[in-house]
>>> print(open('input_31.cif').read())   # mmCIF, C-alpha atoms
data_my_file
loop_
_atom_site.group_PDB
_atom_site.id
_atom_site.type_symbol
_atom_site.label_atom_id
_atom_site.label_comp_id
_atom_site.auth_asym_id
_atom_site.auth_seq_id
_atom_site.Cartn_x
_atom_site.Cartn_y
_atom_site.Cartn_z
ATOM 1 C CA MET A 1 -56.824 26.606 85.422
ATOM 2 C CA LYS A 2 -60.031 24.552 85.220
ATOM 3 C CA THR A 3 -61.637 27.389 83.285
ATOM 4 C CA LEU A 4 -58.755 27.397 80.797
ATOM 5 C CA ILE A 5 -58.998 23.621 80.295
ATOM 6 C CA PHE A 6 -62.756 23.886 79.751
ATOM 7 C CA ILE A 7 -62.261 26.612 77.131
ATOM 8 C CA LEU A 8 -59.619 24.558 75.288
ATOM 9 C CA VAL A 9 -61.811 21.434 75.291
ATOM 10 C CA PHE A 10 -64.805 23.436 74.054
ATOM 11 C CA PHE A 11 -62.740 25.102 71.322
ATOM 12 C CA CYS A 12 -61.323 21.773 70.090
ATOM 13 C CA SER A 13 -64.809 20.276 70.147
ATOM 14 C CA PHE A 14 -66.123 23.225 68.122
ATOM 15 C CA LEU A 15 -63.379 22.824 65.501
ATOM 16 C CA THR A 16 -64.089 19.087 65.174
ATOM 17 C CA THR A 17 -67.807 19.713 64.754
ATOM 18 C CA ALA A 18 -67.250 22.506 62.237
ATOM 19 C CA GLN A 19 -65.041 20.302 60.077
ATOM 20 C CA THR A 20 -67.329 17.246 60.169
ATOM 21 C CA ILE A 21 -69.107 16.510 56.897
ATOM 22 C CA THR A 22 -72.395 14.624 57.056
ATOM 23 C CA VAL A 23 -74.492 13.328 54.159
ATOM 24 C CA LYS A 24 -78.043 12.015 54.125
ATOM 25 C CA ALA A 25 -78.478 8.501 52.760
ATOM 26 C CA GLU A 26 -80.687 8.372 49.678
ATOM 27 C CA ASN A 27 -82.714 5.531 48.215
ATOM 28 C CA GLY A 28 -80.357 2.814 46.952
ATOM 29 C CA ASP A 29 -77.300 4.111 48.806
ATOM 30 C CA GLY A 30 -74.784 1.758 50.378
ATOM 31 C CA ILE A 31 -71.439 2.524 51.970
ATOM 32 C CA PHE A 32 -69.604 2.200 48.641
ATOM 33 C CA SER A 33 -71.955 4.487 46.723
ATOM 34 C CA ILE A 34 -72.197 7.169 49.408
ATOM 35 C CA LEU A 35 -68.398 7.346 49.671
ATOM 36 C CA ARG A 36 -67.930 7.428 45.906
ATOM 37 C CA LYS A 37 -70.483 10.241 45.552
ATOM 38 C CA GLN A 38 -68.366 12.261 47.989
ATOM 39 C CA GLY A 39 -65.242 11.653 45.912
ATOM 40 C CA LEU A 40 -63.630 9.107 48.261
ATOM 41 C CA ASP A 41 -62.075 5.763 47.371
ATOM 42 C CA PRO A 42 -64.613 3.337 48.950
ATOM 43 C CA VAL A 43 -62.050 0.556 49.365
ATOM 44 C CA LYS A 44 -59.623 2.848 51.189
ATOM 45 C CA TYR A 45 -62.187 4.569 53.427
ATOM 46 C CA TYR A 46 -64.737 1.798 54.053
ATOM 47 C CA ALA A 47 -63.356 0.881 57.496
ATOM 48 C CA ASP A 48 -63.155 4.546 58.557
ATOM 49 C CA PHE A 49 -66.775 5.083 57.534
ATOM 50 C CA VAL A 50 -67.939 2.058 59.550
ATOM 51 C CA ARG A 51 -65.955 3.217 62.593
ATOM 52 C CA LEU A 52 -67.442 6.730 62.448
ATOM 53 C CA ASN A 53 -71.007 5.499 61.947
ATOM 54 C CA LEU A 54 -71.027 2.201 63.852
ATOM 55 C CA ASN A 55 -74.055 3.100 65.960
ATOM 56 C CA ASN A 56 -76.016 4.236 62.918
ATOM 57 C CA LEU A 57 -75.718 1.097 60.768
ATOM 58 C CA LYS A 58 -78.125 -1.792 60.330
ATOM 59 C CA ASN A 59 -76.555 -5.257 60.516
ATOM 60 C CA GLY A 60 -73.152 -3.640 60.794
ATOM 61 C CA SER A 61 -72.970 -2.329 57.217
ATOM 62 C CA GLU A 62 -76.392 -1.235 55.913
ATOM 63 C CA LEU A 63 -77.547 2.393 55.800
ATOM 64 C CA TYR A 64 -80.860 3.732 57.026
ATOM 65 C CA LEU A 65 -82.731 5.812 54.457
ATOM 66 C CA ASP A 66 -82.729 9.579 55.170
ATOM 67 C CA ARG A 67 -80.325 9.337 58.094
ATOM 68 C CA GLU A 68 -77.236 11.521 58.337
ATOM 69 C CA TYR A 69 -73.844 9.795 58.050
ATOM 70 C CA VAL A 70 -70.390 11.161 58.875
ATOM 71 C CA ILE A 71 -67.942 11.166 55.954
ATOM 72 C CA PRO A 72 -64.275 10.438 56.817
ATOM 73 C CA ASP A 73 -61.830 13.301 56.407
ATOM 74 C CA ALA A 74 -59.938 12.430 53.200
ATOM 75 C CA PRO A 75 -57.145 14.678 51.877
ATOM 76 C CA ASP A 76 -57.225 12.691 48.624
ATOM 77 C CA SER A 77 -60.944 13.161 48.040
ATOM 78 C CA PHE A 78 -61.687 14.047 44.417
ATOM 79 C CA LYS A 79 -63.432 17.178 45.725
ATOM 80 C CA LYS A 80 -60.043 18.327 47.048
ATOM 81 C CA MET A 81 -57.872 16.897 44.266
ATOM 82 C CA ALA A 82 -59.533 18.633 41.291
ATOM 83 C CA LEU A 83 -60.202 22.333 41.824
ATOM 84 C CA SER A 84 -61.423 25.134 39.620
ATOM 85 C CA ILE A 85 -60.149 28.665 40.220
ATOM 86 C CA SER A 86 -62.330 31.400 38.767
ATOM 87 C CA GLU A 87 -60.686 34.490 37.308
ATOM 88 C CA GLY A 88 -60.711 37.535 39.591
ATOM 89 C CA THR A 89 -61.767 35.695 42.764
ATOM 90 C CA ASN A 90 -58.900 33.273 43.477
ATOM 91 C CA LYS A 91 -61.634 31.093 44.997
ATOM 92 C CA GLU A 92 -61.270 27.323 44.750
ATOM 93 C CA SER A 93 -64.246 25.056 44.106
ATOM 94 C CA PRO A 94 -64.511 21.367 43.132
ATOM 95 C CA ILE A 95 -64.447 20.745 39.380
ATOM 96 C CA PHE A 96 -66.543 17.625 39.803
ATOM 97 C CA ASP A 97 -69.508 17.146 42.106
ATOM 98 C CA GLU A 98 -72.657 15.392 40.929
ATOM 99 C CA GLU A 99 -70.713 13.134 38.548
ATOM 100 C CA LEU A 100 -68.405 11.801 41.287
ATOM 101 C CA GLY A 101 -70.575 8.699 41.763
ATOM 102 C CA SER A 102 -69.418 7.420 38.384
ATOM 103 C CA ILE A 103 -65.692 8.272 38.806
ATOM 104 C CA SER A 104 -63.334 5.710 40.332
ATOM 105 C CA PRO A 105 -59.607 5.926 41.152
ATOM 106 C CA LYS A 106 -57.364 4.004 38.753
ATOM 107 C CA SER A 107 -53.866 4.277 40.197
ATOM 108 C CA GLU A 108 -51.452 6.414 42.232
ATOM 109 C CA ARG A 109 -49.011 6.846 39.347
ATOM 110 C CA LEU A 110 -49.279 10.651 39.684
ATOM 111 C CA LYS A 111 -49.506 10.714 43.474
ATOM 112 C CA ASN A 112 -47.005 13.568 43.917
ATOM 113 C CA ALA A 113 -47.944 15.506 40.769
ATOM 114 C CA VAL A 114 -49.648 18.897 40.608
ATOM 115 C CA ILE A 115 -50.955 19.936 37.185
ATOM 116 C CA TYR A 116 -52.276 23.389 36.271
ATOM 117 C CA LEU A 117 -54.625 23.412 33.258
ATOM 118 C CA LEU A 118 -55.406 26.535 31.240
ATOM 119 C CA SER A 119 -57.504 26.898 28.108
ATOM 120 C CA GLY A 120 -56.186 29.182 25.373
ATOM 121 C CA GLN A 121 -58.018 30.545 22.358
ATOM 122 C CA ASN A 122 -57.477 32.408 19.111
ATOM 123 C CA GLY A 123 -58.350 36.041 19.678
ATOM 124 C CA VAL A 124 -62.115 35.722 20.173
ATOM 125 C CA LYS A 125 -64.468 33.711 22.335
ATOM 126 C CA GLY A 126 -65.750 31.802 19.347
ATOM 127 C CA SER A 127 -69.129 30.146 19.068
ATOM 128 C CA ARG A 128 -71.004 28.709 21.992
ATOM 129 C CA GLU A 129 -70.262 25.271 20.539
ATOM 130 C CA LEU A 130 -66.519 25.963 20.541
ATOM 131 C CA GLN A 131 -66.618 27.210 24.134
ATOM 132 C CA LEU A 132 -68.378 24.035 25.233
ATOM 133 C CA VAL A 133 -65.889 21.830 23.389
ATOM 134 C CA ARG A 134 -62.953 23.653 25.007
ATOM 135 C CA ASN A 135 -64.569 23.244 28.402
ATOM 136 C CA GLN A 136 -65.288 19.576 27.821
ATOM 137 C CA ILE A 137 -61.718 18.835 26.773
ATOM 138 C CA VAL A 138 -59.980 20.507 29.721
ATOM 139 C CA ARG A 139 -62.405 18.940 32.193
ATOM 140 C CA SER A 140 -61.866 15.529 30.631
ATOM 141 C CA VAL A 141 -58.091 15.918 30.931
ATOM 142 C CA ALA A 142 -58.523 17.028 34.563
ATOM 143 C CA GLN A 143 -60.540 13.902 35.336
ATOM 144 C CA LYS A 144 -58.088 11.540 33.634
ATOM 145 C CA LEU A 145 -55.159 13.021 35.568
ATOM 146 C CA MET A 146 -57.070 13.071 38.854
ATOM 147 C CA VAL A 147 -57.971 9.356 38.816
ATOM 148 C CA HIS A 148 -54.242 8.582 38.605
ATOM 149 C CA GLY A 149 -53.582 10.559 41.793
ATOM 150 C CA ALA A 150 -52.652 14.018 40.473
ATOM 151 C CA LYS A 151 -53.858 17.217 42.086
ATOM 152 C CA VAL A 152 -55.340 19.350 39.314
ATOM 153 C CA TYR A 153 -56.022 23.076 39.242
ATOM 154 C CA LEU A 154 -58.214 24.241 36.378
ATOM 155 C CA ILE A 155 -57.539 27.962 35.997
ATOM 156 C CA ASN A 156 -60.557 29.968 34.875
ATOM 157 C CA ASP A 157 -62.995 27.073 34.464
ATOM 158 C CA LEU A 158 -65.166 27.525 31.366
ATOM 159 C CA LYS A 159 -68.303 26.194 33.041
ATOM 160 C CA ASP A 160 -69.045 29.748 34.217
ATOM 161 C CA GLU A 161 -68.518 31.034 30.660
ATOM 162 C CA SER A 162 -65.568 33.252 31.640
ATOM 163 C CA ILE A 163 -62.803 32.272 29.249
ATOM 164 C CA LEU A 164 -59.296 33.406 28.494
ATOM 165 C CA SER A 165 -59.003 36.223 25.987
ATOM 166 C CA SER A 166 -56.183 36.301 23.448
ATOM 167 C CA PRO A 167 -56.295 39.610 21.584
ATOM 168 C CA SER A 168 -53.122 39.096 19.587
ATOM 169 C CA VAL A 169 -51.747 36.472 17.247
ATOM 170 C CA ILE A 170 -48.129 36.297 16.112
ATOM 171 C CA LYS A 171 -46.679 34.593 13.072
ATOM 172 C CA ASN A 172 -43.583 32.537 13.848
ATOM 173 C CA GLY A 173 -42.193 31.221 10.582
ATOM 174 C CA ASP A 174 -44.798 28.801 9.242
ATOM 175 C CA THR A 175 -46.484 28.333 12.607
ATOM 176 C CA THR A 176 -49.080 30.422 14.399
ATOM 177 C CA GLU A 177 -48.724 30.886 18.131
ATOM 178 C CA ASN A 178 -51.770 32.281 19.929
ATOM 179 C CA ALA A 179 -51.640 34.538 22.949
ATOM 180 C CA ILE A 180 -53.046 32.894 26.078
ATOM 181 C CA ALA A 181 -54.270 36.198 27.521
ATOM 182 C CA ASP A 182 -53.175 39.821 27.795
ATOM 183 C CA GLN A 183 -50.503 40.841 30.284
ATOM 184 C CA ASN A 184 -52.916 42.154 32.927
ATOM 185 C CA GLN A 185 -54.646 38.795 33.023
ATOM 186 C CA MET A 186 -51.282 37.045 32.975
ATOM 187 C CA GLN A 187 -50.279 38.835 36.196
ATOM 188 C CA HIS A 188 -53.355 37.384 37.862
ATOM 189 C CA TYR A 189 -52.642 33.867 36.604
ATOM 190 C CA VAL A 190 -49.014 34.135 37.731
ATOM 191 C CA GLU A 191 -50.122 35.046 41.270
ATOM 192 C CA ILE A 192 -52.629 32.165 41.385
ATOM 193 C CA ILE A 193 -50.152 29.563 40.157
ATOM 194 C CA ASN A 194 -47.077 30.689 42.081
ATOM 195 C CA LYS A 195 -48.968 30.758 45.375
ATOM 196 C CA ARG A 196 -49.965 27.125 44.902
ATOM 197 C CA TYR A 197 -46.562 26.136 43.570
ATOM 198 C CA LEU A 198 -44.924 27.285 46.814
ATOM 199 C CA LYS A 199 -47.560 25.431 48.821
ATOM 200 C CA ASN A 200 -46.696 22.237 46.905
ATOM 201 C CA MET A 201 -42.894 22.668 46.869
ATOM 202 C CA GLY A 202 -40.996 19.456 46.259
ATOM 203 C CA LYS A 203 -43.683 17.903 44.073
ATOM 204 C CA TYR A 204 -43.730 17.414 40.296
ATOM 205 C CA GLN A 205 -45.543 20.517 38.984
ATOM 206 C CA ARG A 206 -46.382 21.380 35.369
ATOM 207 C CA ILE A 207 -48.624 23.848 33.496
ATOM 208 C CA VAL A 208 -50.490 22.622 30.425
ATOM 209 C CA VAL A 209 -52.207 25.140 28.146
ATOM 210 C CA ILE A 210 -54.679 23.480 25.762
ATOM 211 C CA ASN A 211 -55.306 25.877 22.919
ATOM 212 C CA LEU A 212 -58.218 24.721 20.727
ATOM 213 C CA ASN A 213 -58.483 27.238 17.912
ATOM 214 C CA ASN A 214 -61.607 26.338 15.975
ATOM 215 C CA THR A 215 -64.620 24.076 16.016
ATOM 216 C CA VAL A 216 -64.143 20.345 15.682
ATOM 217 C CA LYS A 217 -67.545 19.629 14.152
ATOM 218 C CA ASP A 218 -67.162 17.449 11.024
ATOM 219 C CA SER A 219 -63.383 17.717 11.332
ATOM 220 C CA LYS A 220 -61.421 14.745 9.967
ATOM 221 C CA HIS A 221 -58.400 15.238 12.197
ATOM 222 C CA PHE A 222 -56.534 17.633 14.471
ATOM 223 C CA GLU A 223 -53.250 19.341 13.631
ATOM 224 C CA VAL A 224 -51.123 19.841 16.735
ATOM 225 C CA SER A 225 -48.061 21.956 17.569
ATOM 226 C CA ILE A 226 -46.334 22.016 20.947
ATOM 227 C CA PHE A 227 -44.630 25.073 22.494
ATOM 228 C CA HIS A 228 -42.243 25.435 25.439
ATOM 229 C CA HIS A 229 -39.908 28.051 26.916
ATOM 230 C CA GLY A 230 -36.468 27.929 25.324
ATOM 231 C CA LYS A 231 -34.608 28.509 28.609
ATOM 232 C CA SER A 232 -36.532 25.920 30.625
ATOM 233 C CA THR A 233 -34.910 22.491 30.571
ATOM 234 C CA GLU A 234 -37.871 20.918 32.373
ATOM 235 C CA GLY A 235 -40.332 22.664 30.040
ATOM 236 C CA GLU A 236 -38.519 21.414 26.952
ATOM 237 C CA ARG A 237 -38.348 17.912 28.363
ATOM 238 C CA PHE A 238 -42.075 17.937 29.179
ATOM 239 C CA ALA A 239 -42.908 19.225 25.686
ATOM 240 C CA LYS A 240 -40.862 16.431 24.134
ATOM 241 C CA SER A 241 -42.596 13.838 26.318
ATOM 242 C CA LEU A 242 -45.950 15.086 25.035
ATOM 243 C CA GLN A 243 -44.653 15.193 21.475
ATOM 244 C CA HIS A 244 -43.460 11.583 21.748
ATOM 245 C CA ILE A 245 -46.966 10.393 22.707
ATOM 246 C CA PHE A 246 -48.576 12.526 19.983
ATOM 247 C CA ASN A 247 -46.184 10.999 17.444
ATOM 248 C CA LYS A 248 -47.098 7.487 18.560
ATOM 249 C CA ASN A 249 -50.751 8.325 17.898
ATOM 250 C CA SER A 250 -50.213 10.235 14.658
ATOM 251 C CA ILE A 251 -52.326 9.244 11.655
ATOM 252 C CA GLU A 252 -49.231 9.848 9.496
ATOM 253 C CA ASN A 253 -46.298 7.452 9.208
ATOM 254 C CA GLU A 254 -43.645 10.147 9.547
ATOM 255 C CA GLN A 255 -42.283 10.791 13.055
ATOM 256 C CA LYS A 256 -41.734 14.540 13.535
ATOM 257 C CA ASN A 257 -39.083 15.554 16.051
ATOM 258 C CA PHE A 258 -39.694 19.167 16.918
ATOM 259 C CA THR A 259 -41.081 21.495 19.536
ATOM 260 C CA GLU A 260 -41.554 25.241 19.104
ATOM 261 C CA VAL A 261 -40.344 27.972 21.481
ATOM 262 C CA PHE A 262 -42.777 30.574 22.832
ATOM 263 C CA ALA A 263 -42.472 33.863 20.966
ATOM 264 C CA ASN A 264 -45.626 35.822 21.795
ATOM 265 C CA SER A 265 -44.896 38.522 24.393
ATOM 266 C CA SER A 266 -47.957 37.735 26.495
ATOM 267 C CA ASN A 267 -47.093 34.046 26.605
ATOM 268 C CA LEU A 268 -43.490 34.927 27.450
ATOM 269 C CA TYR A 269 -44.702 36.959 30.416
ATOM 270 C CA LEU A 270 -46.429 33.863 31.750
ATOM 271 C CA VAL A 271 -43.621 31.373 31.127
ATOM 272 C CA THR A 272 -40.881 33.654 32.505
ATOM 273 C CA ASN A 273 -42.793 34.602 35.683
ATOM 274 C CA VAL A 274 -44.511 31.402 36.792
ATOM 275 C CA LEU A 275 -42.486 28.868 38.748
ATOM 276 C CA PRO A 276 -43.674 25.584 37.140
ATOM 277 C CA PRO A 277 -42.631 24.738 33.550
ATOM 278 C CA VAL A 278 -45.215 25.639 30.867
ATOM 279 C CA THR A 279 -46.137 23.694 27.736
ATOM 280 C CA MET A 280 -48.817 24.785 25.265
ATOM 281 C CA ILE A 281 -50.629 22.350 22.974
ATOM 282 C CA ASP A 282 -51.861 24.315 19.945
ATOM 283 C CA ILE A 283 -54.701 22.524 18.116
ATOM 284 C CA TRP A 284 -56.370 23.268 14.773
ATOM 285 C CA ASP A 285 -58.912 21.228 12.884
ATOM 286 C CA SER A 286 -58.203 19.687 9.486
ATOM 287 C CA ARG A 287 -59.705 22.611 7.600
ATOM 288 C CA ASN A 288 -56.779 24.786 8.599
ATOM 289 C CA PRO A 289 -54.063 24.785 5.903
ATOM 290 C CA SER A 290 -51.658 21.985 6.756
ATOM 291 C CA ILE A 291 -48.355 23.061 8.257
ATOM 292 C CA GLU A 292 -45.292 20.844 8.007
ATOM 293 C CA GLU A 293 -44.400 21.057 11.688
ATOM 294 C CA ARG A 294 -47.799 19.939 12.933
ATOM 295 C CA ILE A 295 -48.657 16.400 14.031
ATOM 296 C CA SER A 296 -51.944 15.025 12.693
ATOM 297 C CA ILE A 297 -54.096 12.964 15.067
ATOM 298 C CA SER A 298 -57.654 11.671 15.154
ATOM 299 C CA SER A 299 -60.223 14.349 16.010
ATOM 300 C CA GLN A 300 -62.005 12.100 18.499
ATOM 301 C CA GLU A 301 -62.002 13.922 21.824
ATOM 302 C CA ASN A 302 -61.096 10.811 23.798
ATOM 303 C CA VAL A 303 -57.971 10.312 21.672
ATOM 304 C CA LEU A 304 -56.749 13.854 22.385
ATOM 305 C CA THR A 305 -57.376 13.698 26.142
ATOM 306 C CA ASN A 306 -55.782 10.258 26.413
ATOM 307 C CA ILE A 307 -52.664 11.490 24.590
ATOM 308 C CA ILE A 308 -52.270 14.473 26.934
ATOM 309 C CA THR A 309 -52.776 12.267 29.997
ATOM 310 C CA ASN A 310 -50.299 9.665 28.756
ATOM 311 C CA GLY A 311 -47.782 12.414 28.013
ATOM 312 C CA VAL A 312 -47.930 13.578 31.637
ATOM 313 C CA LEU A 313 -47.720 9.985 32.908
ATOM 314 C CA THR A 314 -44.682 9.294 30.697
ATOM 315 C CA ASP A 315 -42.818 12.459 31.693
ATOM 316 C CA TYR A 316 -43.501 11.858 35.393
ATOM 317 C CA ALA A 317 -42.454 8.194 35.214
ATOM 318 C CA ASN A 318 -39.225 8.939 33.324
ATOM 319 C CA LEU A 319 -38.296 11.707 35.761
ATOM 320 C CA SER A 320 -38.979 9.413 38.733
ATOM 321 C CA ILE A 321 -36.754 6.686 37.241
ATOM 322 C CA GLU A 322 -33.880 9.140 36.673
ATOM 323 C CA ASN A 323 -34.137 10.491 40.219
ATOM 324 C CA ASN A 324 -33.919 7.008 41.772
#
>>> encode(input="input_31.cif", output="structure tokens")
Amino acid sequence: MKTLIFILVFFCSFLTTAQTITVKAENGDGIFSILRKQGLDPVKYYADFVRLNLNNLKNGSELYLDREYVIPDAPDSFKKMALSISEGTNKESPIFDEELGSISPKSERLKNAVIYLLSGQNGVKGSRELQLVRNQIVRSVAQKLMVHGAKVYLINDLKDESILSSPSVIKNGDTTENAIADQNQMQHYVEIINKRYLKNMGKYQRIVVINLNNTVKDSKHFEVSIFHHGKSTEGERFAKSLQHIFNKNSIENEQKNFTEVFANSSNLYLVTNVLPPVTMIDIWDSRNPSIEERISISSQENVLTNIITNGVLTDYANLSIENN
């Protein structure tokens, strides 16, 4: 019996040690900065940090240079709340790391939200410049959602230069809807998303595909269309929430009340097989021939990412009000 108890105590001790994260204090570090660089809210976890490192602090709150400090276990750490999933591996890794020191939480307005971000494209990889812009936009959206409490999965992060391929384009009246990826790739994305959807059952979950079609260099404005699945009530509602925010930020006076329904077969495979509702934001620059159903907005990147973030915030808030 004593042997069994000893084994259990040793095993529990091993698990605790294995899960402990320690970080070496660098020049200029304080408790706030060391926590922020690990993706933790320093206000929320300050007391926990002091408790864990009480015997390793000078004057009760100062760090010693080059000493190791234990970081509190935080399920809402930005390293756990914003994850990239690389195609073919299903492996999760933090989207943000070195830049965490400059990112601060803003609110918990999206505390129970899970957002899946995908980047679409128009048939070819495009220039290196276009790939970088696509990457920058989806990462910026991920950050803006994360600081409001959302858990974000970035599917097929562009930082490793593996990007979604869209070999086919379909004409749908006067609009152009781009394939997100071919069906073989779609099967992989469906598996990735559905697995995480089931893990997060009961939470607000949405998929946002940001489809930037051509370079934004020297572009005067963006032209935006929004697509959803015709048989998904939640998807249509989400699309209309995004459209409402785009309309409010339109550089035109006319308010356009429309959303398009997915028609491309590859896109339909995704939207009919994944569990969360899907909305695609299709973006062209101003050099593309103007289409009546598109909303024109400023081509400044910050404007676009703010609109998408505010669209998610609005949809989530309205749904929460209705459910109360």
>>> resolve_selection(input="input_31.cif", expression="the PyMOL selection byres ((chain A and resi 192) around 10)", output="ChimeraX atom specification")
/A:85,87-91,153,155,186-191,193-197,274
>>> write_last_selection(input="input_31.cif", atoms="C-alpha atoms", output="PDB file, in the frame of the given file")
ATOM      1  CA  ILE A  85     -60.149  28.665  40.220  1.00  0.00           C
ATOM      2  CA  GLU A  87     -60.686  34.490  37.308  1.00  0.00           C
ATOM      3  CA  GLY A  88     -60.711  37.535  39.591  1.00  0.00           C
ATOM      4  CA  THR A  89     -61.767  35.695  42.764  1.00  0.00           C
ATOM      5  CA  ASN A  90     -58.900  33.273  43.477  1.00  0.00           C
ATOM      6  CA  LYS A  91     -61.634  31.093  44.997  1.00  0.00           C
ATOM      7  CA  TYR A 153     -56.022  23.076  39.242  1.00  0.00           C
ATOM      8  CA  ILE A 155     -57.539  27.962  35.997  1.00  0.00           C
ATOM      9  CA  MET A 186     -51.282  37.045  32.975  1.00  0.00           C
ATOM     10  CA  GLN A 187     -50.279  38.835  36.196  1.00  0.00           C
ATOM     11  CA  HIS A 188     -53.355  37.384  37.862  1.00  0.00           C
ATOM     12  CA  TYR A 189     -52.642  33.867  36.604  1.00  0.00           C
ATOM     13  CA  VAL A 190     -49.014  34.135  37.731  1.00  0.00           C
ATOM     14  CA  GLU A 191     -50.122  35.046  41.270  1.00  0.00           C
ATOM     15  CA  ILE A 193     -50.152  29.563  40.157  1.00  0.00           C
ATOM     16  CA  ASN A 194     -47.077  30.689  42.081  1.00  0.00           C
ATOM     17  CA  LYS A 195     -48.968  30.758  45.375  1.00  0.00           C
ATOM     18  CA  ARG A 196     -49.965  27.125  44.902  1.00  0.00           C
ATOM     19  CA  TYR A 197     -46.562  26.136  43.570  1.00  0.00           C
ATOM     20  CA  VAL A 274     -44.511  31.402  36.792  1.00  0.00           C
TER      21      VAL A 274
END
>>> closest_residue(input="input_31.cif", among="A:Glu223, A:Asp97, A:Glu260, A:Asp282", to="A:Val208", atoms="all atoms listed in the file")
A:Asp282
>>> residues_near_point(input="input_31.cif", point="(-48.7, 9.7, 41.6)", cutoff="9 Å", atoms="only C-alpha atoms", output="list in words")
Ser107, Glu108, Arg109, Leu110, Lys111, Asn112, Ala113, His148, Gly149, Ala150, Leu313 and Tyr316 of chain A
>>> write_last_selection(input="input_31.cif", atoms="C-alpha atoms", output="mmCIF file, in the frame of the given file")
data_model
loop_
_atom_site.group_PDB
_atom_site.id
_atom_site.type_symbol
_atom_site.label_atom_id
_atom_site.label_comp_id
_atom_site.auth_asym_id
_atom_site.auth_seq_id
_atom_site.Cartn_x
_atom_site.Cartn_y
_atom_site.Cartn_z
ATOM 1 C CA SER A 107 -53.866 4.277 40.197
ATOM 2 C CA GLU A 108 -51.452 6.414 42.232
ATOM 3 C CA ARG A 109 -49.011 6.846 39.347
ATOM 4 C CA LEU A 110 -49.279 10.651 39.684
ATOM 5 C CA LYS A 111 -49.506 10.714 43.474
ATOM 6 C CA ASN A 112 -47.005 13.568 43.917
ATOM 7 C CA ALA A 113 -47.944 15.506 40.769
ATOM 8 C CA HIS A 148 -54.242 8.582 38.605
ATOM 9 C CA GLY A 149 -53.582 10.559 41.793
ATOM 10 C CA ALA A 150 -52.652 14.018 40.473
ATOM 11 C CA LEU A 313 -47.720 9.985 32.908
ATOM 12 C CA TYR A 316 -43.501 11.858 35.393
#
>>> resolve_selection(input="input_31.cif", expression="the PyMOL selection byres ((chain A and resi 240) around 9)", output="list of chain:residue names")
A:Ile226, A:Gly235, A:Glu236, A:Arg237, A:Phe238, A:Ala239, A:Ser241, A:Leu242, A:Gln243, A:His244, A:Ile245, A:Asn257, A:Phe258, A:Thr259, A:Gly311, A:Asp315
>>> atom_distance(input="input_31.cif", atom1="atom CA of A:Ser102", atom2="atom CA of A:Ile31")
14.6 Å
>>> resolve_selection(input="input_31.cif", expression="the PyMOL selection byres ((chain A and resi 154) around 7)", output="list of chain:residue names")
A:Leu83, A:Ser84, A:Ile85, A:Tyr116, A:Leu117, A:Leu118, A:Val152, A:Tyr153, A:Ile155, A:Asn156, A:Asp157
>>> write_last_selection(input="input_31.cif", atoms="C-alpha atoms", output="PDB file, keeping the file's coordinate frame")
ATOM      1  CA  LEU A  83     -60.202  22.333  41.824  1.00  0.00           C
ATOM      2  CA  SER A  84     -61.423  25.134  39.620  1.00  0.00           C
ATOM      3  CA  ILE A  85     -60.149  28.665  40.220  1.00  0.00           C
ATOM      4  CA  TYR A 116     -52.276  23.389  36.271  1.00  0.00           C
ATOM      5  CA  LEU A 117     -54.625  23.412  33.258  1.00  0.00           C
ATOM      6  CA  LEU A 118     -55.406  26.535  31.240  1.00  0.00           C
ATOM      7  CA  VAL A 152     -55.340  19.350  39.314  1.00  0.00           C
ATOM      8  CA  TYR A 153     -56.022  23.076  39.242  1.00  0.00           C
ATOM      9  CA  ILE A 155     -57.539  27.962  35.997  1.00  0.00           C
ATOM     10  CA  ASN A 156     -60.557  29.968  34.875  1.00  0.00           C
ATOM     11  CA  ASP A 157     -62.995  27.073  34.464  1.00  0.00           C
TER      12      ASP A 157
END
>>> axis_aligned_box(input="input_31.cif", around="stretch 117-121 of chain A", padding_each_side="8 Å", output="AutoDock Vina command-line options")
--center_x -56.3 --center_y 27.0 --center_z 27.8 --size_x 19.4 --size_y 23.1 --size_z 26.9
>>> decode(input="input_31.cif", residues="stretch 71-77 of chain A", atoms="N, CA and C atoms", output="mmCIF file, in the first residue's frame")
data_model
loop_
_atom_site.group_PDB
_atom_site.id
_atom_site.type_symbol
_atom_site.label_atom_id
_atom_site.label_comp_id
_atom_site.auth_asym_id
_atom_site.auth_seq_id
_atom_site.Cartn_x
_atom_site.Cartn_y
_atom_site.Cartn_z
ATOM 1 N N ILE A 71 5.683 30.646 -14.462
ATOM 2 C CA ILE A 71 4.542 31.353 -15.058
ATOM 3 C C ILE A 71 3.253 30.638 -14.655
ATOM 4 N N PRO A 72 2.253 31.367 -14.159
ATOM 5 C CA PRO A 72 0.977 30.728 -13.784
ATOM 6 C C PRO A 72 0.330 30.010 -14.967
ATOM 7 N N ASP A 73 -0.346 28.919 -14.673
ATOM 8 C CA ASP A 73 -1.100 28.213 -15.709
ATOM 9 C C ASP A 73 -2.334 29.043 -16.057
ATOM 10 N N ALA A 74 -2.459 29.477 -17.301
ATOM 11 C CA ALA A 74 -3.540 30.383 -17.700
ATOM 12 C C ALA A 74 -4.239 29.846 -18.945
ATOM 13 N N PRO A 75 -5.446 29.317 -18.809
ATOM 14 C CA PRO A 75 -6.175 28.814 -19.982
ATOM 15 C C PRO A 75 -6.502 29.905 -20.991
ATOM 16 N N ASP A 76 -6.531 31.166 -20.525
ATOM 17 C CA ASP A 76 -6.835 32.279 -21.431
ATOM 18 C C ASP A 76 -5.589 33.019 -21.895
ATOM 19 N N SER A 77 -4.436 32.380 -21.777
ATOM 20 C CA SER A 77 -3.213 32.958 -22.329
ATOM 21 C C SER A 77 -3.351 33.138 -23.833
#
